[in-house]
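Next comes upload.cif, a file with mmCIF, C-alpha atoms and all ligand atoms.
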data_structure
loop_
_atom_site.group_PDB
_atom_site.id
_atom_site.type_symbol
_atom_site.label_atom_id
_atom_site.label_comp_id
_atom_site.auth_asym_id
_atom_site.auth_seq_id
_atom_site.Cartn_x
_atom_site.Cartn_y
_atom_site.Cartn_z
ATOM 1 C CA MET Q 24 67.179 114.970 140.467
ATOM 2 C CA THR Q 25 70.777 115.853 139.886
ATOM 3 C CA LEU Q 26 72.124 118.169 137.271
ATOM 4 C CA GLN Q 27 75.507 116.762 136.449
ATOM 5 C CA GLU Q 28 78.176 118.527 134.503
ATOM 6 C CA ALA Q 29 78.985 116.269 131.541
ATOM 7 C CA GLN Q 30 82.370 114.656 131.926
ATOM 8 C CA PRO Q 31 84.958 115.128 129.182
ATOM 9 C CA ILE Q 32 85.954 112.119 127.102
ATOM 10 C CA THR Q 33 89.489 112.256 128.527
ATOM 11 C CA THR Q 34 87.993 111.406 131.935
ATOM 12 C CA LEU Q 35 85.710 108.698 130.561
ATOM 13 C CA LEU Q 36 88.105 106.913 128.218
ATOM 14 C CA ASP Q 37 91.854 106.264 128.293
ATOM 15 C CA THR Q 38 94.062 105.568 125.298
ATOM 16 C CA ARG Q 39 94.827 102.059 126.515
ATOM 17 C CA THR Q 40 91.145 101.114 126.266
ATOM 18 C CA VAL Q 41 90.910 102.483 122.721
ATOM 19 C CA GLN Q 42 94.075 100.605 121.761
ATOM 20 C CA SER Q 43 92.784 97.333 123.223
ATOM 21 C CA ILE Q 44 89.556 97.721 121.248
ATOM 22 C CA ALA Q 45 91.577 98.412 118.082
ATOM 23 C CA ASP Q 46 93.698 95.321 118.848
ATOM 24 C CA GLU Q 47 90.557 93.187 118.639
ATOM 25 C CA VAL Q 48 88.970 94.959 115.702
ATOM 26 C CA TRP Q 49 91.915 94.942 113.277
ATOM 27 C CA PRO Q 50 92.551 91.175 112.989
ATOM 28 C CA SER Q 51 88.822 90.433 112.924
ATOM 29 C CA LEU Q 52 87.796 93.023 110.367
ATOM 30 C CA VAL Q 53 90.901 94.154 108.472
ATOM 31 C CA GLY Q 54 92.519 90.727 108.320
ATOM 32 C CA ASP Q 55 94.709 88.131 110.017
ATOM 33 C CA GLY Q 56 97.905 89.625 111.387
ATOM 34 C CA GLU Q 57 96.748 93.205 110.751
ATOM 35 C CA ALA Q 58 97.144 95.833 113.485
ATOM 36 C CA PHE Q 59 96.694 99.478 114.294
ATOM 37 C CA VAL Q 60 100.099 100.583 115.571
ATOM 38 C CA PRO Q 61 100.040 103.594 117.920
ATOM 39 C CA VAL Q 62 103.267 105.052 116.574
ATOM 40 C CA PRO Q 63 102.622 108.397 114.875
ATOM 41 C CA VAL Q 64 103.775 109.076 111.327
ATOM 42 C CA PRO Q 65 103.490 112.464 109.548
ATOM 43 C CA PRO Q 66 99.900 113.241 108.434
ATOM 44 C CA PRO Q 67 99.144 113.219 104.704
ATOM 45 C CA GLY Q 68 98.013 116.369 102.893
ATOM 46 C CA ASP Q 69 94.632 114.922 102.098
ATOM 47 C CA VAL Q 70 92.433 112.883 104.438
ATOM 48 C CA VAL Q 71 89.084 111.101 104.533
ATOM 49 C CA SER Q 72 87.138 110.100 107.616
ATOM 50 C CA ALA Q 73 84.362 107.713 108.520
ATOM 51 C CA TRP Q 74 82.519 108.107 111.791
ATOM 52 C CA VAL Q 75 79.584 107.019 113.903
ATOM 53 C CA ASP Q 76 77.836 109.228 116.431
ATOM 54 C CA ILE Q 77 77.310 108.220 120.037
ATOM 55 C CA ILE Q 78 74.257 109.892 121.577
ATOM 56 C CA GLY Q 79 73.886 109.615 125.336
ATOM 57 C CA PRO Q 80 75.245 111.052 128.586
ATOM 58 C CA TRP Q 81 78.351 111.758 126.498
ATOM 59 C CA THR Q 82 77.558 112.778 122.915
ATOM 60 C CA GLY Q 83 80.041 112.870 120.073
ATOM 61 C CA SER Q 84 81.621 110.795 117.335
ATOM 62 C CA VAL Q 85 84.129 108.001 116.903
ATOM 63 C CA VAL Q 86 86.155 108.935 113.845
ATOM 64 C CA VAL Q 87 88.638 106.988 111.729
ATOM 65 C CA THR Q 88 90.833 109.242 109.608
ATOM 66 C CA CYS Q 89 93.472 108.358 107.006
ATOM 67 C CA ALA Q 90 94.671 109.237 103.510
ATOM 68 C CA PRO Q 91 92.321 108.296 100.648
ATOM 69 C CA ALA Q 92 94.894 105.764 99.404
ATOM 70 C CA THR Q 93 95.053 104.182 102.858
ATOM 71 C CA ALA Q 94 91.253 103.946 102.969
ATOM 72 C CA GLU Q 95 91.373 102.132 99.636
ATOM 73 C CA ALA Q 96 94.085 99.746 100.842
ATOM 74 C CA LEU Q 97 92.105 99.099 104.037
ATOM 75 C CA THR Q 98 89.063 98.253 101.947
ATOM 76 C CA GLU Q 99 91.085 95.877 99.766
ATOM 77 C CA SER Q 100 92.346 94.228 102.934
ATOM 78 C CA VAL Q 101 88.858 93.905 104.424
ATOM 79 C CA LEU Q 102 87.590 92.353 101.179
ATOM 80 C CA MET Q 103 90.852 90.591 100.207
ATOM 81 C CA THR Q 104 89.929 86.948 99.991
ATOM 82 C CA ARG Q 105 86.507 87.898 98.774
ATOM 83 C CA PRO Q 106 85.954 89.280 95.285
ATOM 84 C CA PRO Q 107 85.359 91.794 93.690
ATOM 85 C CA THR Q 108 89.028 92.691 93.819
ATOM 86 C CA VAL Q 109 88.521 96.158 92.329
ATOM 87 C CA VAL Q 110 87.126 98.449 95.030
ATOM 88 C CA ASP Q 111 84.986 101.485 94.229
ATOM 89 C CA ALA Q 112 84.083 104.563 96.296
ATOM 90 C CA GLU Q 113 81.037 102.809 97.720
ATOM 91 C CA ASP Q 114 83.159 99.874 98.891
ATOM 92 C CA VAL Q 115 85.552 102.299 100.598
ATOM 93 C CA ALA Q 116 82.740 104.178 102.370
ATOM 94 C CA ASP Q 117 81.245 100.855 103.422
ATOM 95 C CA ALA Q 118 84.457 99.276 104.741
ATOM 96 C CA LEU Q 119 85.777 102.392 106.492
ATOM 97 C CA GLY Q 120 82.264 103.028 107.841
ATOM 98 C CA GLU Q 121 81.999 99.534 109.281
ATOM 99 C CA LEU Q 122 85.434 99.937 110.867
ATOM 100 C CA ALA Q 123 84.162 103.124 112.566
ATOM 101 C CA ASN Q 124 80.932 101.317 113.505
ATOM 102 C CA VAL Q 125 82.656 98.394 115.228
ATOM 103 C CA LEU Q 126 85.139 100.686 116.998
ATOM 104 C CA GLY Q 127 82.286 103.019 117.955
ATOM 105 C CA GLY Q 128 80.048 100.302 119.356
ATOM 106 C CA ASN Q 129 82.811 98.942 121.539
ATOM 107 C CA ILE Q 130 83.782 102.412 122.741
ATOM 108 C CA LYS Q 131 80.119 103.163 123.489
ATOM 109 C CA SER Q 132 79.957 100.071 125.699
ATOM 110 C CA VAL Q 133 82.703 101.351 128.013
ATOM 111 C CA LEU Q 134 81.106 104.804 128.437
ATOM 112 C CA PRO Q 135 78.784 105.304 131.424
ATOM 113 C CA GLY Q 136 75.016 105.237 131.026
ATOM 114 C CA GLU Q 137 72.836 104.214 128.130
ATOM 115 C CA SER Q 138 73.735 105.536 124.695
ATOM 116 C CA ARG Q 139 72.611 105.122 121.129
ATOM 117 C CA LEU Q 140 74.839 104.544 118.101
ATOM 118 C CA GLY Q 141 74.230 106.330 114.800
ATOM 119 C CA LEU Q 142 74.789 104.916 111.308
ATOM 120 C CA PRO Q 143 78.233 105.327 109.699
ATOM 121 C CA GLN Q 144 78.942 108.553 107.821
ATOM 122 C CA MET Q 145 81.791 109.558 105.561
ATOM 123 C CA GLY Q 146 83.468 112.885 104.827
ATOM 124 C CA VAL Q 147 86.493 114.951 105.756
ATOM 125 C CA ALA Q 148 85.463 115.256 109.433
ATOM 126 C CA PRO Q 149 82.267 115.323 111.529
ATOM 127 C CA PRO Q 150 80.619 118.744 111.064
ATOM 128 C CA HIS Q 151 80.140 119.561 114.758
ATOM 129 C CA GLY Q 152 83.318 118.329 116.372
ATOM 130 C CA ARG Q 153 84.525 120.018 119.545
ATOM 131 C CA LEU Q 154 88.197 120.761 119.898
ATOM 132 C CA ASP Q 155 88.195 120.694 123.716
ATOM 133 C CA ASP Q 156 86.642 117.250 124.211
ATOM 134 C CA VAL Q 157 88.887 114.844 122.323
ATOM 135 C CA ARG Q 158 90.570 111.522 122.987
ATOM 136 C CA SER Q 159 92.750 110.790 119.983
ATOM 137 C CA LEU Q 160 94.969 107.872 119.115
ATOM 138 C CA VAL Q 161 97.409 108.837 116.398
ATOM 139 C CA GLY Q 162 99.142 105.945 114.736
ATOM 140 C CA GLN Q 163 99.532 103.927 111.584
ATOM 141 C CA TRP Q 164 98.412 100.912 109.668
ATOM 142 C CA ARG Q 165 101.045 99.258 107.462
ATOM 143 C CA GLY Q 166 103.152 102.396 107.942
ATOM 144 C CA ASN Q 167 100.398 104.741 106.773
ATOM 145 C CA PHE Q 168 98.948 107.556 108.898
ATOM 146 C CA LEU Q 169 95.704 106.613 110.636
ATOM 147 C CA THR Q 170 93.925 108.100 113.644
ATOM 148 C CA ILE Q 171 91.091 106.969 115.856
ATOM 149 C CA THR Q 172 89.479 110.056 117.377
ATOM 150 C CA VAL Q 173 86.710 110.163 119.950
ATOM 151 C CA GLN Q 174 85.394 113.697 119.766
ATOM 152 C CA GLY Q 175 82.610 115.494 121.608
ATOM 153 C CA ALA Q 176 79.854 117.207 119.607
ATOM 154 C CA ALA Q 177 79.249 120.945 119.822
ATOM 155 C CA PRO Q 178 77.134 122.437 121.258
ATOM 156 C CA ALA Q 179 76.990 119.975 124.122
ATOM 157 C CA PRO Q 180 73.404 118.663 124.019
ATOM 158 C CA HIS Q 181 73.859 116.596 127.182
ATOM 159 C CA ALA Q 182 74.266 119.302 129.822
ATOM 160 C CA GLU Q 183 70.707 119.034 131.107
ATOM 161 C CA ARG Q 184 70.409 115.265 131.246
ATOM 162 C CA ASP Q 185 69.295 113.904 134.553
ATOM 163 C CA GLU Q 186 68.224 110.331 133.907
ATOM 164 C CA VAL Q 187 69.746 107.679 136.087
ATOM 165 C CA PRO Q 188 70.677 104.634 134.011
ATOM 166 C CA LEU Q 189 69.101 101.459 135.368
ATOM 167 C CA MET Y 3 71.622 74.373 105.706
ATOM 168 C CA ARG Y 4 70.487 77.813 104.724
ATOM 169 C CA ALA Y 5 71.410 81.178 106.190
ATOM 170 C CA LEU Y 6 70.343 84.770 105.681
ATOM 171 C CA VAL Y 7 72.969 87.389 106.581
ATOM 172 C CA ILE Y 8 71.427 90.785 107.369
ATOM 173 C CA ASP Y 9 73.755 93.757 107.723
ATOM 174 C CA ASP Y 10 73.897 97.223 106.167
ATOM 175 C CA SER Y 11 77.636 96.783 105.607
ATOM 176 C CA ARG Y 12 78.454 94.822 102.469
ATOM 177 C CA ALA Y 13 81.916 94.126 103.856
ATOM 178 C CA MET Y 14 80.423 92.579 106.987
ATOM 179 C CA ARG Y 15 77.885 90.556 104.962
ATOM 180 C CA ARG Y 16 80.768 89.200 102.932
ATOM 181 C CA ILE Y 17 82.817 88.312 106.025
ATOM 182 C CA VAL Y 18 79.935 86.499 107.759
ATOM 183 C CA GLY Y 19 78.775 84.934 104.476
ATOM 184 C CA THR Y 20 82.246 83.625 103.652
ATOM 185 C CA ILE Y 21 82.592 81.973 107.061
ATOM 186 C CA LEU Y 22 79.141 80.371 106.782
ATOM 187 C CA THR Y 23 79.822 79.183 103.227
ATOM 188 C CA GLY Y 24 82.979 77.557 104.585
ATOM 189 C CA PHE Y 25 80.797 75.678 107.056
ATOM 190 C CA GLY Y 26 78.712 74.363 104.174
ATOM 191 C CA TYR Y 27 75.845 76.853 104.358
ATOM 192 C CA GLU Y 28 73.892 78.173 101.415
ATOM 193 C CA VAL Y 29 73.907 81.942 102.066
ATOM 194 C CA ARG Y 30 71.721 84.853 101.012
ATOM 195 C CA GLU Y 31 72.176 88.469 102.054
ATOM 196 C CA ALA Y 32 69.986 91.458 102.855
ATOM 197 C CA GLY Y 33 71.011 95.067 103.562
ATOM 198 C CA ASP Y 34 68.349 95.853 106.179
ATOM 199 C CA GLY Y 35 65.499 94.242 108.118
ATOM 200 C CA ARG Y 36 62.831 95.182 105.577
ATOM 201 C CA LEU Y 37 64.769 93.614 102.689
ATOM 202 C CA ALA Y 38 65.325 90.536 104.859
ATOM 203 C CA LEU Y 39 61.578 90.201 105.460
ATOM 204 C CA ASP Y 40 61.124 90.407 101.677
ATOM 205 C CA VAL Y 41 63.507 87.456 101.281
ATOM 206 C CA LEU Y 42 61.508 85.425 103.828
ATOM 207 C CA GLU Y 43 58.218 86.362 102.156
ATOM 208 C CA GLU Y 44 59.631 85.195 98.803
ATOM 209 C CA GLY Y 45 59.851 81.761 100.372
ATOM 210 C CA TYR Y 46 63.532 81.568 101.322
ATOM 211 C CA VAL Y 47 63.046 80.486 104.935
ATOM 212 C CA PRO Y 48 66.532 79.833 106.328
ATOM 213 C CA ASP Y 49 67.686 77.756 109.276
ATOM 214 C CA LEU Y 50 69.671 80.719 110.552
ATOM 215 C CA CYS Y 51 69.505 84.506 110.361
ATOM 216 C CA CYS Y 52 72.623 86.502 111.343
ATOM 217 C CA ILE Y 53 71.285 89.942 112.202
ATOM 218 C CA ASP Y 54 73.058 93.253 112.595
ATOM 219 C CA TRP Y 55 71.417 95.700 115.031
ATOM 220 C CA ASN Y 56 72.100 99.164 113.574
ATOM 221 C CA MET Y 57 70.691 99.381 110.068
ATOM 222 C CA PRO Y 58 68.622 101.951 108.156
ATOM 223 C CA VAL Y 59 64.908 101.403 107.306
ATOM 224 C CA MET Y 60 64.354 98.494 109.723
ATOM 225 C CA ASP Y 61 66.875 97.678 112.422
ATOM 226 C CA GLY Y 62 67.773 94.250 113.743
ATOM 227 C CA LEU Y 63 65.592 94.415 116.829
ATOM 228 C CA GLN Y 64 62.519 95.340 114.772
ATOM 229 C CA PHE Y 65 63.323 92.484 112.404
ATOM 230 C CA VAL Y 66 63.523 89.992 115.273
ATOM 231 C CA MET Y 67 60.137 91.156 116.560
ATOM 232 C CA ALA Y 68 58.586 90.925 113.084
ATOM 233 C CA VAL Y 69 59.898 87.387 112.553
ATOM 234 C CA ARG Y 70 58.778 86.251 116.000
ATOM 235 C CA ALA Y 71 55.300 87.646 115.356
ATOM 236 C CA ASN Y 72 54.882 85.275 112.396
ATOM 237 C CA PRO Y 73 54.323 81.594 113.317
ATOM 238 C CA ALA Y 74 55.390 80.558 109.796
ATOM 239 C CA TYR Y 75 58.972 81.465 110.765
ATOM 240 C CA ARG Y 76 58.970 79.584 114.075
ATOM 241 C CA GLN Y 77 61.801 77.284 112.980
ATOM 242 C CA VAL Y 78 64.183 80.084 112.058
ATOM 243 C CA THR Y 79 67.058 80.549 114.503
ATOM 244 C CA LEU Y 80 67.886 84.207 115.076
ATOM 245 C CA MET Y 81 71.403 85.279 116.010
ATOM 246 C CA MET Y 82 72.320 88.913 116.548
ATOM 247 C CA VAL Y 83 75.759 89.775 115.142
ATOM 248 C CA THR Y 84 76.365 93.293 116.307
ATOM 249 C CA THR Y 85 78.661 95.819 117.862
ATOM 250 C CA GLU Y 86 75.950 96.575 120.484
ATOM 251 C CA SER Y 87 77.582 94.879 123.439
ATOM 252 C CA GLU Y 88 75.965 96.264 126.603
ATOM 253 C CA THR Y 89 74.133 93.733 128.787
ATOM 254 C CA GLY Y 90 70.931 95.785 128.495
ATOM 255 C CA GLN Y 91 70.972 95.476 124.707
ATOM 256 C CA ILE Y 92 71.664 91.734 124.838
ATOM 257 C CA VAL Y 93 68.761 91.235 127.260
ATOM 258 C CA LYS Y 94 66.493 93.325 125.015
ATOM 259 C CA ALA Y 95 67.344 91.250 121.931
ATOM 260 C CA LEU Y 96 66.932 87.917 123.715
ATOM 261 C CA ALA Y 97 63.630 89.072 125.221
ATOM 262 C CA ALA Y 98 62.418 89.987 121.715
ATOM 263 C CA GLY Y 99 63.132 86.437 120.556
ATOM 264 C CA ALA Y 100 66.754 86.250 119.436
ATOM 265 C CA HIS Y 101 68.401 82.910 120.330
ATOM 266 C CA GLU Y 102 72.043 83.929 120.389
ATOM 267 C CA TYR Y 103 74.206 86.999 120.431
ATOM 268 C CA LEU Y 104 77.632 87.457 118.850
ATOM 269 C CA ILE Y 105 79.498 90.692 119.428
ATOM 270 C CA LYS Y 106 81.569 92.378 116.708
ATOM 271 C CA PRO Y 107 84.492 92.073 116.359
ATOM 272 C CA PHE Y 108 84.374 88.276 116.324
ATOM 273 C CA THR Y 109 86.533 85.466 114.980
ATOM 274 C CA ALA Y 110 85.450 82.584 112.741
ATOM 275 C CA ASP Y 111 85.998 80.310 115.748
ATOM 276 C CA ALA Y 112 83.621 82.373 117.861
ATOM 277 C CA LEU Y 113 80.933 82.084 115.177
ATOM 278 C CA ARG Y 114 81.581 78.344 114.923
ATOM 279 C CA ASP Y 115 81.196 77.986 118.724
ATOM 280 C CA LYS Y 116 77.848 79.808 118.664
ATOM 281 C CA LEU Y 117 76.585 77.597 115.829
ATOM 282 C CA ALA Y 118 77.714 74.472 117.697
ATOM 283 C CA LEU Y 119 75.820 75.710 120.755
ATOM 284 C CA LEU Y 120 72.706 76.136 118.624
ATOM 285 C CA GLY Y 121 73.114 72.714 117.002
ATOM 286 C CA LEU Y 122 73.527 74.424 113.648
ATOM 287 C CA LEU Y 123 77.031 73.291 112.787
ATOM 288 C CA PRO Y 124 77.094 70.560 110.107
ATOM 289 C CA GLU Y 125 78.646 67.363 111.513
ATOM 290 C CA GLU Y 126 81.573 67.331 109.077
ATOM 291 C CA VAL Y 127 82.581 70.776 110.369
ATOM 292 C CA SER Y 128 82.243 70.030 114.081
ATOM 293 C CA ALA Y 129 84.188 66.765 113.713
HETATM 294 MG MG MG J 1 75.210 98.160 110.848
#

Could you spell out this file's structure in structure tokens?
Amino acid sequence: MTLQEAQPITTLLDTRTVQSIADEVWPSLVGDGEAFVPVPVPPPGDVVSAWVDIIGPWTGSVVVTCAPATAEALTESVLMTRPPTVVDAEDVADALGELANVLGGNIKSVLPGESRLGLPQMGVAPPHGRLDDVRSLVGQWRGNFLTITVQGAAPAPHAERDEVPL
Amino acid sequence: MRALVIDDSRAMRRIVGTILTGFGYEVREAGDGRLALDVLEEGYVPDLCCIDWNMPVMDGLQFVMAVRANPAYRQVTLMMVTTESETGQIVKALAAGAHEYLIKPFTADALRDKLALLGLLPEEVSA
């Protein structure tokens, strides 16, 4: 039995891996020719986030954050060729949530050990985010601020784990 | 051919449904495994189910097990369409009775290839 100190997300995941996952997710989900561009732009005053939790040897959330107007435009893009063309708040939560879900599942698969994925949630930010266990990709979509943040949960519930993944 | 697309995301149901409709499928949707079982029990027994894994109420794995436990649904082909991409999860789903596994994100071509593999691509589409 070993009692391992949980590794921080910066050790487990590099930005290039997150970017390569985003490179696959955007054209498939957001639309042909669409991309997350890792070039920062100034953050908006108001943001919304969608996230999924990863529960395992590393526990935290994969969070997509952008301005409310960007979330709406993203939703319109996801649903573009498919009516209804007018998106409501539920559509936005659904589309942004699924974006977080697909990013989260793929990020989970590159983390060590066996983990579980939670259902998408929406809000300003996850309620128990740690500030010292963060891998963040700040960038833009169509020129609008957007971040993909992989953030540990506080308090760390994984410190006493000792299972060996098969 | 008939399909049932099961995913808690409406956006994803629409994406998968649109691709399948383009292949000539008649498509119905369900937002979780329990609602999907209701559709089957109503008598809509499809050729293909596209099944998300992570859903509220009844998840995709539970749905696969429920369908496989009922001989009346023996002819239904079950394909997981999910962001769960670890080998262990794929093995678990196939062991429970899923026939194929497509990982999100996917392209329309990838879905077409899986259907061709399953013999579920109408001839006019595969030509
Ligand atoms: Mg889901």

Legend entry - Distance criterion (all atoms listed in the file): nearest to ligand MG 1 (chain J) out of Q:Leu134, Q:Val101, Q:Val75, Q:Val109: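 Selected residue with least distance to ligand MG 1 (chain J): Q:Val75.
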
Inset, instruction - Extract, using all atoms listed in the file, all DNA, RNA and protein residues at most 9 Å from Val41 (chain Y), discarding same-chain residues fewer than 6 positions from it, and format them as a PyMOL selection string. - result: chain Y and resi 6+30-32+47

Inset, instruction - Would you please work out which residue, of Q:Gly127, Q:Pro63, Q:Gly56, Q:Gly146, is nearest to chain Y when using all atoms listed in the file? - result: Q:Gly127

Give the residue list for ligand MG 1 (chain J) at 6 Å, counting all atoms listed in the file, as a short mmCIF file (atom, residue, chain, number, x, y, z; two decimals) with C-alpha atoms, in the coordinates of the input, sorted by chain and then by residue number.
data_model
loop_
_atom_site.label_atom_id
_atom_site.label_comp_id
_atom_site.auth_asym_id
_atom_site.auth_seq_id
_atom_site.Cartn_x
_atom_site.Cartn_y
_atom_site.Cartn_z
CA ASP Y 9 73.76 93.76 107.72
CA ASP Y 10 73.90 97.22 106.17
CA SER Y 11 77.64 96.78 105.61
CA ASP Y 54 73.06 93.25 112.60
CA ASN Y 56 72.10 99.16 113.57
CA MET Y 57 70.69 99.38 110.07
#

Using all atoms listed in the file, I'd like a table of the residues in chain Q that come within 9 Å of chain Y; for each, show the closest atom pair and its distance in Å rounded to one decimal, ordered by chain and ascending number, as CSV.
residue,atom,partner,partner_atom,distance
Q:Glu47,CA,Y:Pro107,CA,6.6
Q:Val48,CA,Y:Pro107,CA,5.4
Q:Trp49,CA,Y:Pro107,CA,8.5
Q:Pro50,CA,Y:Thr109,CA,8.5
Q:Ser51,CA,Y:Pro107,CA,5.8
Q:Leu52,CA,Y:Pro107,CA,6.9
Q:Thr98,CA,Y:Ala13,CA,8.5
Q:Val101,CA,Y:Ala13,CA,7.0
Q:Leu102,CA,Y:Ala13,CA,6.5
Q:Arg105,CA,Y:Arg16,CA,7.2
Q:Asp114,CA,Y:Ala13,CA,7.7
Q:Asp117,CA,Y:Ser11,CA,5.9
Q:Ala118,CA,Y:Ala13,CA,5.8
Q:Gly120,CA,Y:Ser11,CA,8.1
Q:Glu121,CA,Y:Ser11,CA,6.3
Q:Asn124,CA,Y:Thr85,CA,7.4
Q:Val125,CA,Y:Thr85,CA,5.4
Q:Leu126,CA,Y:Thr85,CA,8.1
Q:Gly127,CA,Y:Thr85,CA,8.1
Q:Gly128,CA,Y:Thr85,CA,4.9
Q:Asn129,CA,Y:Thr85,CA,6.4
Q:Lys131,CA,Y:Glu86,CA,8.4
Q:Ser132,CA,Y:Glu88,CA,5.6
Q:Val133,CA,Y:Glu88,CA,8.6
Q:Glu137,CA,Y:Gly90,CA,8.6
Q:Leu140,CA,Y:Asn56,CA,7.5
Q:Gly141,CA,Y:Asn56,CA,7.6
Q:Leu142,CA,Y:Asn56,CA,6.7

Inset, instruction - Tell me, in Å to one decimal, how far CA of Ile92 (chain Y) is from CA of Ser84 (chain Q). - result: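 Calculated distance between CA of Ile92 (chain Y) and CA of Ser84 (chain Q) is 22.8 Å.
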